Structures are given as C-alpha cells and as structure tokens.
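Accompanying notes for the structure given below.
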Amino acid sequence: MLTFQEKREHLLNVLLRAESLTTVEKMVAIAMVFKIQDNGVVDLRMTEIASLSSLTVRGLRDVLKRLNQKIDLDIRGGVSRNTYYFVQWRLL
C-alpha cells in the first residue's frame, strides 16, 4: 500500500510524462494534484484552480473538459463548486 506522498509523486510523474497532454492541460492537472486530499479528491472552486494555473475560468472549463476525456478526470457538479476525482488515485 502506497502512502499519500508516494501516490501524489506517482501521479505527478505520470502527468508530467504524458505525451497526450498539452502544456496547459499538464499545468492544470498538476495544480490540482498539489491540492489533492488523501482520498484523491480535489475540492476547489474553479476560480481557485484558474488562479493556480494562471487561466481564466472560461479557459479552465475547456481544459477540464479535455482532461475529462484524456485522463478520465471525474468531475462531479455541486451547488457552489465542483468536486474532482482522479480515477488513477483509486487504482494505486
């Protein structure tokens, strides 16, 4: 069983080495991984993620849609914020 730190480092390595992701997609995914909780959930507002990755909220929406398709990022909508799940986290 991997520790939280080992899982996070592995996920960061995989994202950085992914040839199918653009630089902007990598930047958003990495910003999200830095704020990931020990259960693999990222519970941030879109404005916070946009700020971390130096994007507008509109630009972030497009990137999140592409990440959903490319790395199977599970996005669950809430009333005031979305919750993001890295499916890969559960497999580690």
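Order determines the names: the first chain of the structure tokens is A, the second B, and so forth; residues in each chain are numbered 1 upward, and ligands are numbered 1 upward as they are shown.
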
Exercise for review: Tell me which protein, DNA and RNA residues are within 7 Å of Asn82 in chain A, counting only C-alpha atoms, leaving out same-chain ones fewer than 5 positions away, and put them as a ChimeraX atom specification.
Suggested key: /A:43,45,75-77

With N, CA, C and O atoms retained, could you export that selection as an mmCIF file, in the first residue's frame?
```cif
data_model
loop_
_atom_site.group_PDB
_atom_site.id
_atom_site.type_symbol
_atom_site.label_atom_id
_atom_site.label_comp_id
_atom_site.auth_asym_id
_atom_site.auth_seq_id
_atom_site.Cartn_x
_atom_site.Cartn_y
_atom_site.Cartn_z
ATOM 1 N N ASP A 43 -11.161 19.430 -4.000
ATOM 2 C CA ASP A 43 -12.376 20.170 -3.686
ATOM 3 C C ASP A 43 -12.062 21.664 -3.692
ATOM 4 O O ASP A 43 -11.956 22.296 -2.646
ATOM 5 N N ARG A 45 -12.752 25.564 -5.746
ATOM 6 C CA ARG A 45 -13.595 26.338 -6.658
ATOM 7 C C ARG A 45 -12.835 26.527 -7.970
ATOM 8 O O ARG A 45 -11.607 26.518 -7.997
ATOM 9 N N ILE A 75 -15.499 14.561 -12.888
ATOM 10 C CA ILE A 75 -15.962 15.870 -12.423
ATOM 11 C C ILE A 75 -17.406 15.732 -11.976
ATOM 12 O O ILE A 75 -18.273 15.364 -12.759
ATOM 13 N N ARG A 76 -17.631 16.042 -10.709
ATOM 14 C CA ARG A 76 -18.992 15.977 -10.167
ATOM 15 C C ARG A 76 -19.417 17.369 -9.735
ATOM 16 O O ARG A 76 -18.750 18.010 -8.932
ATOM 17 N N GLY A 77 -20.512 17.812 -10.316
ATOM 18 C CA GLY A 77 -21.004 19.158 -10.037
ATOM 19 C C GLY A 77 -21.732 19.258 -8.723
ATOM 20 O O GLY A 77 -22.473 18.359 -8.343
#
```

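Near Leu2 in chain A, within a cut-off of 8 Å and counting only C-alpha atoms, sit the residues Glu6, Lys7 and Leu92 of chain A, with same-chain residues fewer than 3 positions away left out.
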
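Assigned to strand (DSSP E) in chain A, given DSSP computed from backbone atoms, are Val41, Val42, Leu73, Asp74, Ile75, Arg76, Thr83, Tyr84, Tyr85 and Phe86 of chain A.
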
Filtering to C-alpha atoms, could you give me those residues as an mmCIF file, in the first residue's frame?
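File produced: selection.cif:
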```
data_model
loop_
_atom_site.group_PDB
_atom_site.id
_atom_site.type_symbol
_atom_site.label_atom_id
_atom_site.label_comp_id
_atom_site.auth_asym_id
_atom_site.auth_seq_id
_atom_site.Cartn_x
_atom_site.Cartn_y
_atom_site.Cartn_z
ATOM 1 C CA VAL A 41 -10.442 14.303 -4.156
ATOM 2 C CA VAL A 42 -9.780 17.883 -5.211
ATOM 3 C CA LEU A 73 -10.911 13.053 -14.666
ATOM 4 C CA ASP A 74 -14.190 12.520 -12.823
ATOM 5 C CA ILE A 75 -15.962 15.870 -12.423
ATOM 6 C CA ARG A 76 -18.992 15.977 -10.167
ATOM 7 C CA THR A 83 -15.505 18.084 -6.937
ATOM 8 C CA TYR A 84 -12.765 16.447 -8.996
ATOM 9 C CA TYR A 85 -11.672 12.833 -8.637
ATOM 10 C CA PHE A 86 -8.519 11.385 -10.136
#
```

Review point. Using only C-alpha atoms, which residues sit within 12 Å of Ser20 in chain A once same-chain residues fewer than 2 positions away are excluded, as an NGL selection string?
Key: :A and (14-18 or 22-26 or 66-67 or 69-71)

Review point. Between A:Asp72, A:Arg58, A:Val28, A:Asp38, which has the minimum distance to Val87 in chain A (counting only C-alpha atoms)?
Key: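 Among the listed residues, the smallest separation from Val87 in chain A belongs to A:Asp72.
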